[in-house]
Protein chains: 2
Amino acid sequence: MAQAKAIEVRPVESGNGATDRCPMIDFVNLVSGKWAIPILYRLIVTGCPIRFGELQRAVAPITQKELTRQLRLFEHRGLVYRRVYAEMPPRVEYEITPLGRTLRGTLDSLADWMRANASHLIT
Amino acid sequence: MAQAKAIEVRPVESGNGATDRCPMIDFVNLVSGKWAIPILYRLIVTGCPIRFGELQRAVAPITQKELTRQLRLFEHRGLVYRRVYAEMPPRVEYEITPLGRTLRGTLDSLADWMRANASHLIT
DNA sequence: TATAGTAGGCACCGAATGGGTACTAAAGGA
DNA sequence: TCCTTTAGTACCCATTCGGTGCCTACTATA
């Protein structure tokens, strides 16, 4: 209780709403979890529609359940398209949206940094 | 560079040593959780040493415990310096390391993207 | 004297995350 | 008849994440 009161500062309320937000907190709310960024980046570098199974193989040892969950979240947030084909071996394709595509530069930069520094970092 | 080749499918070498590194998975392993990126970015934009309490107020409603935990992780990974002063109101200062500082461009880009797109995104 | 600030540590707890297995549907092939 | 493929869903479980409350040792201030 003491500490919650001490920190209650939170100057977010500006009156006009939605200003003064922390973009980093927004970002973590948008893509959180172990697999979110790897999936998103894979969809970005693949520029075209990709089937569920192929995506799962591309994102290495992710489980079916987790991939489904993340893709639905991305779809709901407008970062990924989902197209279902009424065929009998089921076919569902996922594709990055134009909005999601705008993340490319940022994620490239992140991947480059990681590739350059992975060796100096303690796991 | 390599990523221009787009879909190089992960070589799922499950049997031997794991050499199929994905920089994005490395990144998530490095900074994961709700508060990691906000803390790191705050330390980066503040270029100088900053005390624990001040940092906690800056990163808004983070708890003491979580801030301590993340800072220790960053210290262990060489992203943050931790200096303890043997004074009586205890004083501990944290500062981004040169290595951590190299993330600045990437995180700036990330923050810019988020600021530009926060309004179109469903929470 | 009483209280607050400082930078934590420690125990407890619920929520979120993520993995594993089993199951489904309809079609094709042996 | 059985097996396989595909994109899931349902259920169970372990781990992690993160919040709360309670403790310290000492000092400065009201």
# chains A, B, ... in the order shown; residues from 1 in each chain; ligands from 1
call {"tool": "select_by_dssp", "arguments": {"residues": "chain B", "states": "alpha helix (DSSP H)", "output": "VMD selection string"}}
result
chain B and resid 23 to 30 36 to 45 52 to 58 64 to 76 98 to 101 104 to 117
call {"tool": "calpha_fit_and_write", "arguments": {"fixed": "chain B", "moving": "chain A", "output": "PDB file with C-alpha atoms, in the first residue's frame"}}
result
ATOM      1  CA  MET A   1       3.995 -33.460 -35.731  1.00  0.00           C
ATOM      2  CA  ALA A   2       3.244 -32.948 -39.351  1.00  0.00           C
ATOM      3  CA  GLN A   3       3.751 -29.246 -39.147  1.00  0.00           C
ATOM      4  CA  ALA A   4       6.902 -29.440 -37.093  1.00  0.00           C
ATOM      5  CA  LYS A   5       8.425 -31.698 -39.665  1.00  0.00           C
ATOM      6  CA  ALA A   6       7.421 -29.452 -42.510  1.00  0.00           C
ATOM      7  CA  ILE A   7       9.215 -26.491 -41.023  1.00  0.00           C
ATOM      8  CA  GLU A   8      12.292 -28.144 -39.750  1.00  0.00           C
ATOM      9  CA  VAL A   9      14.278 -26.424 -42.446  1.00  0.00           C
ATOM     10  CA  ARG A  10      16.125 -24.006 -40.127  1.00  0.00           C
ATOM     11  CA  PRO A  11      19.322 -23.500 -42.091  1.00  0.00           C
ATOM     12  CA  VAL A  12      21.132 -22.120 -39.085  1.00  0.00           C
ATOM     13  CA  GLU A  13      23.895 -24.684 -38.842  1.00  0.00           C
ATOM     14  CA  SER A  14      26.669 -23.262 -40.893  1.00  0.00           C
ATOM     15  CA  GLY A  15      29.390 -25.137 -39.127  1.00  0.00           C
ATOM     16  CA  ASN A  16      31.366 -22.117 -38.014  1.00  0.00           C
ATOM     17  CA  GLY A  17      28.778 -21.372 -35.387  1.00  0.00           C
ATOM     18  CA  ALA A  18      26.698 -18.293 -34.575  1.00  0.00           C
ATOM     19  CA  THR A  19      26.336 -17.138 -38.151  1.00  0.00           C
ATOM     20  CA  ASP A  20      23.143 -16.897 -40.150  1.00  0.00           C
ATOM     21  CA  ARG A  21      21.233 -15.852 -37.025  1.00  0.00           C
ATOM     22  CA  CYS A  22      18.186 -13.671 -37.284  1.00  0.00           C
ATOM     23  CA  PRO A  23      19.094 -10.378 -35.614  1.00  0.00           C
ATOM     24  CA  MET A  24      15.457  -9.695 -34.844  1.00  0.00           C
ATOM     25  CA  ILE A  25      15.065 -12.905 -32.914  1.00  0.00           C
ATOM     26  CA  ASP A  26      18.271 -12.099 -31.081  1.00  0.00           C
ATOM     27  CA  PHE A  27      16.887  -8.690 -30.245  1.00  0.00           C
ATOM     28  CA  VAL A  28      13.640 -10.042 -28.868  1.00  0.00           C
ATOM     29  CA  ASN A  29      15.600 -12.514 -26.784  1.00  0.00           C
ATOM     30  CA  LEU A  30      17.639  -9.643 -25.448  1.00  0.00           C
ATOM     31  CA  VAL A  31      14.870  -7.229 -24.537  1.00  0.00           C
ATOM     32  CA  SER A  32      11.477  -8.822 -24.171  1.00  0.00           C
ATOM     33  CA  GLY A  33       8.444  -8.047 -22.130  1.00  0.00           C
ATOM     34  CA  LYS A  34       6.225  -5.115 -21.465  1.00  0.00           C
ATOM     35  CA  TRP A  35       8.751  -3.008 -19.587  1.00  0.00           C
ATOM     36  CA  ALA A  36      12.175  -3.816 -21.005  1.00  0.00           C
ATOM     37  CA  ILE A  37      12.367  -1.135 -23.695  1.00  0.00           C
ATOM     38  CA  PRO A  38      10.813   1.633 -21.599  1.00  0.00           C
ATOM     39  CA  ILE A  39      13.297   0.968 -18.785  1.00  0.00           C
ATOM     40  CA  LEU A  40      16.264   0.778 -21.107  1.00  0.00           C
ATOM     41  CA  TYR A  41      15.282   3.943 -22.906  1.00  0.00           C
ATOM     42  CA  ARG A  42      14.817   5.804 -19.671  1.00  0.00           C
ATOM     43  CA  LEU A  43      18.285   4.760 -18.538  1.00  0.00           C
ATOM     44  CA  ILE A  44      19.679   5.893 -21.856  1.00  0.00           C
ATOM     45  CA  VAL A  45      18.131   9.341 -21.914  1.00  0.00           C
ATOM     46  CA  THR A  46      19.108   9.783 -18.305  1.00  0.00           C
ATOM     47  CA  GLY A  47      22.827   9.569 -18.910  1.00  0.00           C
ATOM     48  CA  CYS A  48      23.880   9.353 -15.313  1.00  0.00           C
ATOM     49  CA  PRO A  49      23.365   7.000 -12.376  1.00  0.00           C
ATOM     50  CA  ILE A  50      19.827   6.910 -11.113  1.00  0.00           C
ATOM     51  CA  ARG A  51      18.448   5.419  -7.929  1.00  0.00           C
ATOM     52  CA  PHE A  52      15.991   2.580  -7.966  1.00  0.00           C
ATOM     53  CA  GLY A  53      13.082   4.569  -6.589  1.00  0.00           C
ATOM     54  CA  GLU A  54      13.567   7.447  -8.958  1.00  0.00           C
ATOM     55  CA  LEU A  55      13.697   5.054 -11.898  1.00  0.00           C
ATOM     56  CA  GLN A  56      10.520   3.384 -10.749  1.00  0.00           C
ATOM     57  CA  ARG A  57       8.712   6.715 -10.592  1.00  0.00           C
ATOM     58  CA  ALA A  58      10.058   7.597 -14.029  1.00  0.00           C
ATOM     59  CA  VAL A  59       8.826   4.388 -15.645  1.00  0.00           C
ATOM     60  CA  ALA A  60       5.344   5.014 -14.411  1.00  0.00           C
ATOM     61  CA  PRO A  61       3.252   2.222 -13.013  1.00  0.00           C
ATOM     62  CA  ILE A  62       5.828  -0.545 -13.074  1.00  0.00           C
ATOM     63  CA  THR A  63       5.942  -2.671  -9.950  1.00  0.00           C
ATOM     64  CA  GLN A  64       9.014  -2.954  -7.786  1.00  0.00           C
ATOM     65  CA  LYS A  65       9.327  -6.620  -8.519  1.00  0.00           C
ATOM     66  CA  GLU A  66       9.262  -6.269 -12.268  1.00  0.00           C
ATOM     67  CA  LEU A  67      11.730  -3.391 -12.269  1.00  0.00           C
ATOM     68  CA  THR A  68      14.142  -5.405 -10.156  1.00  0.00           C
ATOM     69  CA  ARG A  69      13.832  -8.399 -12.413  1.00  0.00           C
ATOM     70  CA  GLN A  70      14.464  -6.457 -15.612  1.00  0.00           C
ATOM     71  CA  LEU A  71      17.390  -4.527 -14.146  1.00  0.00           C
ATOM     72  CA  ARG A  72      19.077  -7.731 -13.077  1.00  0.00           C
ATOM     73  CA  LEU A  73      18.658  -9.131 -16.545  1.00  0.00           C
ATOM     74  CA  PHE A  74      20.163  -6.018 -18.094  1.00  0.00           C
ATOM     75  CA  GLU A  75      23.040  -6.106 -15.650  1.00  0.00           C
ATOM     76  CA  HIS A  76      23.717  -9.728 -16.482  1.00  0.00           C
ATOM     77  CA  ARG A  77      23.796  -8.879 -20.154  1.00  0.00           C
ATOM     78  CA  GLY A  78      26.180  -5.990 -19.778  1.00  0.00           C
ATOM     79  CA  LEU A  79      23.708  -3.257 -20.647  1.00  0.00           C
ATOM     80  CA  VAL A  80      23.414  -1.723 -17.182  1.00  0.00           C
ATOM     81  CA  TYR A  81      25.716  -1.113 -14.232  1.00  0.00           C
ATOM     82  CA  ARG A  82      24.455  -1.720 -10.714  1.00  0.00           C
ATOM     83  CA  ARG A  83      26.163  -0.115  -7.730  1.00  0.00           C
ATOM     84  CA  VAL A  84      25.149  -0.855  -4.157  1.00  0.00           C
ATOM     85  CA  TYR A  85      26.090   1.516  -1.355  1.00  0.00           C
ATOM     86  CA  ALA A  86      26.280   0.132   2.158  1.00  0.00           C
ATOM     87  CA  GLU A  87      24.229   2.923   3.666  1.00  0.00           C
ATOM     88  CA  MET A  88      21.312   2.559   5.833  1.00  0.00           C
ATOM     89  CA  PRO A  89      18.425   3.805   3.996  1.00  0.00           C
ATOM     90  CA  PRO A  90      19.583   1.440   1.244  1.00  0.00           C
ATOM     91  CA  ARG A  91      20.911   3.036  -1.887  1.00  0.00           C
ATOM     92  CA  VAL A  92      21.364   1.306  -5.219  1.00  0.00           C
ATOM     93  CA  GLU A  93      22.164   3.155  -8.395  1.00  0.00           C
ATOM     94  CA  TYR A  94      21.760   2.004 -11.955  1.00  0.00           C
ATOM     95  CA  GLU A  95      23.475   3.377 -15.020  1.00  0.00           C
ATOM     96  CA  ILE A  96      23.537   2.511 -18.667  1.00  0.00           C
ATOM     97  CA  THR A  97      26.814   0.986 -19.864  1.00  0.00           C
ATOM     98  CA  PRO A  98      28.710   2.195 -22.931  1.00  0.00           C
ATOM     99  CA  LEU A  99      27.383  -0.831 -24.771  1.00  0.00           C
ATOM    100  CA  GLY A 100      23.820   0.026 -23.836  1.00  0.00           C
ATOM    101  CA  ARG A 101      24.433   3.607 -24.831  1.00  0.00           C
ATOM    102  CA  THR A 102      25.089   2.549 -28.401  1.00  0.00           C
ATOM    103  CA  LEU A 103      21.397   1.699 -28.660  1.00  0.00           C
ATOM    104  CA  ARG A 104      20.483   5.340 -28.312  1.00  0.00           C
ATOM    105  CA  GLY A 105      20.140   6.182 -31.992  1.00  0.00           C
ATOM    106  CA  THR A 106      18.009   3.180 -32.722  1.00  0.00           C
ATOM    107  CA  LEU A 107      15.691   3.750 -29.795  1.00  0.00           C
ATOM    108  CA  ASP A 108      15.395   7.446 -30.579  1.00  0.00           C
ATOM    109  CA  SER A 109      14.309   6.506 -34.064  1.00  0.00           C
ATOM    110  CA  LEU A 110      11.786   4.076 -32.661  1.00  0.00           C
ATOM    111  CA  ALA A 111      10.373   6.659 -30.276  1.00  0.00           C
ATOM    112  CA  ASP A 112      10.138   9.237 -33.038  1.00  0.00           C
ATOM    113  CA  TRP A 113       8.272   6.818 -35.273  1.00  0.00           C
ATOM    114  CA  MET A 114       5.877   5.970 -32.505  1.00  0.00           C
ATOM    115  CA  ARG A 115       5.216   9.586 -31.635  1.00  0.00           C
ATOM    116  CA  ALA A 116       4.567  10.349 -35.297  1.00  0.00           C
ATOM    117  CA  ASN A 117       2.212   7.423 -35.847  1.00  0.00           C
ATOM    118  CA  ALA A 118       0.529   6.741 -32.540  1.00  0.00           C
ATOM    119  CA  SER A 119      -2.543   8.632 -33.679  1.00  0.00           C
ATOM    120  CA  HIS A 120      -3.186   6.482 -36.775  1.00  0.00           C
ATOM    121  CA  LEU A 121      -2.858   3.217 -34.962  1.00  0.00           C
ATOM    122  CA  ILE A 122      -5.624   1.237 -33.418  1.00  0.00           C
ATOM    123  CA  THR A 123      -4.868   0.163 -29.904  1.00  0.00           C
TER     124      THR A 123
END
call {"tool": "closest_atom_pairs", "arguments": {"of": "chain D", "to": "chain B", "cutoff": "9 Å", "atoms": "only C-alpha atoms (C1' of nucleotides)", "output": "Markdown table"}}
result
| residue | atom | partner | partner_atom | distance |
| --- | --- | --- | --- | --- |
| D:DC17 | C1' | B:Gly33 | CA | 7.4 |
| D:DG18 | C1' | B:Glu66 | CA | 7.0 |
| D:DG19 | C1' | B:Thr63 | CA | 7.5 |
| D:DA25 | C1' | B:Met88 | CA | 8.5 |
| D:DC26 | C1' | B:Met88 | CA | 5.9 |
| D:DT27 | C1' | B:Pro89 | CA | 6.4 |
call {"tool": "select_by_dssp", "arguments": {"residues": "range 23-93 of chain B", "states": "strand (DSSP E)", "output": "PyMOL selection string"}}
result
chain B and resi 50-51+80-85+91-93
call {"tool": "residues_around", "arguments": {"residues": "DC10 in chain C", "least_positions_apart": "6", "cutoff": "12 Å", "atoms": "only C-alpha atoms (C1' of nucleotides)", "output": "list in words"}}
result
Lys65 of chain B; DG21, DC22, DC23 and DT24 of chain D
call {"tool": "write_last_selection", "arguments": {"atoms": "N, CA and C atoms (P, O5', C5', C4', C3', O3' and C1' of nucleotides)", "output": "short mmCIF file (atom, residue, chain, number, x, y, z; two decimals), in the first residue's frame"}}
result
data_model
loop_
_atom_site.label_atom_id
_atom_site.label_comp_id
_atom_site.auth_asym_id
_atom_site.auth_seq_id
_atom_site.Cartn_x
_atom_site.Cartn_y
_atom_site.Cartn_z
N LYS B 65 9.79 -4.55 -6.82
CA LYS B 65 10.34 -5.89 -7.03
C LYS B 65 10.68 -6.13 -8.49
P DG D 21 -1.61 -4.23 -0.45
"O5'" DG D 21 -0.85 -5.05 0.70
"C5'" DG D 21 -1.12 -6.44 0.87
"C4'" DG D 21 -0.12 -7.04 1.87
"C3'" DG D 21 0.32 -6.05 2.96
"O3'" DG D 21 0.26 -6.73 4.22
"C1'" DG D 21 2.20 -6.97 1.87
P DC D 22 0.51 -5.91 5.57
"O5'" DC D 22 1.96 -6.39 6.01
"C5'" DC D 22 2.24 -7.79 6.09
"C4'" DC D 22 3.73 -8.01 6.31
"C3'" DC D 22 4.36 -7.03 7.32
"O3'" DC D 22 5.10 -7.75 8.29
"C1'" DC D 22 5.64 -7.13 5.35
P DC D 23 5.77 -7.01 9.54
"O5'" DC D 23 7.30 -6.80 9.13
"C5'" DC D 23 8.26 -7.73 9.59
"C4'" DC D 23 9.55 -7.58 8.82
"C3'" DC D 23 10.41 -6.39 9.23
"O3'" DC D 23 11.23 -6.73 10.34
"C1'" DC D 23 10.39 -6.72 6.86
P DT D 24 11.89 -5.57 11.19
"O5'" DT D 24 13.30 -5.31 10.49
"C5'" DT D 24 14.04 -6.37 9.90
"C4'" DT D 24 15.13 -5.77 9.02
"C3'" DT D 24 15.87 -4.61 9.67
"O3'" DT D 24 17.24 -4.94 9.82
"C1'" DT D 24 15.21 -4.07 7.42
#
call {"tool": "residues_around", "arguments": {"residues": "DA30 in chain C", "least_positions_apart": "4", "cutoff": "12 Å", "atoms": "only C-alpha atoms (C1' of nucleotides)", "output": "NGL selection string"}}
result
:D and (1-4)
call {"tool": "write_last_selection", "arguments": {"atoms": "C-alpha atoms (C1' of nucleotides)", "output": "PDB file, in the first residue's frame"}}
result
ATOM      1  C1'  DT D   1     -10.121 -50.892 -44.075  1.00  0.00           C
ATOM      2  C1'  DC D   2      -6.619 -48.226 -42.466  1.00  0.00           C
ATOM      3  C1'  DC D   3      -3.483 -44.377 -42.742  1.00  0.00           C
ATOM      4  C1'  DT D   4      -2.283 -39.626 -43.804  1.00  0.00           C
TER       5       DT D   4
END
call {"tool": "atom_distance", "arguments": {"atom1": "C1' of DC12 in chain D", "atom2": "C1' of DA25 in chain C"}}
result
23.6 Å
call {"tool": "closest_atom_pairs", "arguments": {"of": "chain C", "to": "chain A", "cutoff": "9 Å", "atoms": "only C-alpha atoms (C1' of nucleotides)", "output": "Markdown table"}}
result
| residue | atom | partner | partner_atom | distance |
| --- | --- | --- | --- | --- |
| C:DT17 | C1' | A:Gly33 | CA | 7.4 |
| C:DG18 | C1' | A:Glu66 | CA | 7.2 |
| C:DG19 | C1' | A:Thr63 | CA | 7.4 |
| C:DA25 | C1' | A:Met88 | CA | 8.4 |
| C:DA26 | C1' | A:Met88 | CA | 5.6 |
| C:DA27 | C1' | A:Met88 | CA | 6.0 |
call {"tool": "write_last_selection", "arguments": {"atoms": "C-alpha atoms (C1' of nucleotides)", "output": "short mmCIF file (atom, residue, chain, number, x, y, z; two decimals), in the first residue's frame"}}
result
data_model
loop_
_atom_site.label_atom_id
_atom_site.label_comp_id
_atom_site.auth_asym_id
_atom_site.auth_seq_id
_atom_site.Cartn_x
_atom_site.Cartn_y
_atom_site.Cartn_z
"C1'" DT C 17 2.23 -17.95 -20.79
"C1'" DG C 18 3.37 -21.92 -23.07
"C1'" DG C 19 3.97 -26.99 -23.76
"C1'" DA C 25 -13.36 -33.04 -40.14
"C1'" DA C 26 -13.33 -34.68 -45.07
"C1'" DA C 27 -10.79 -36.30 -48.74
#
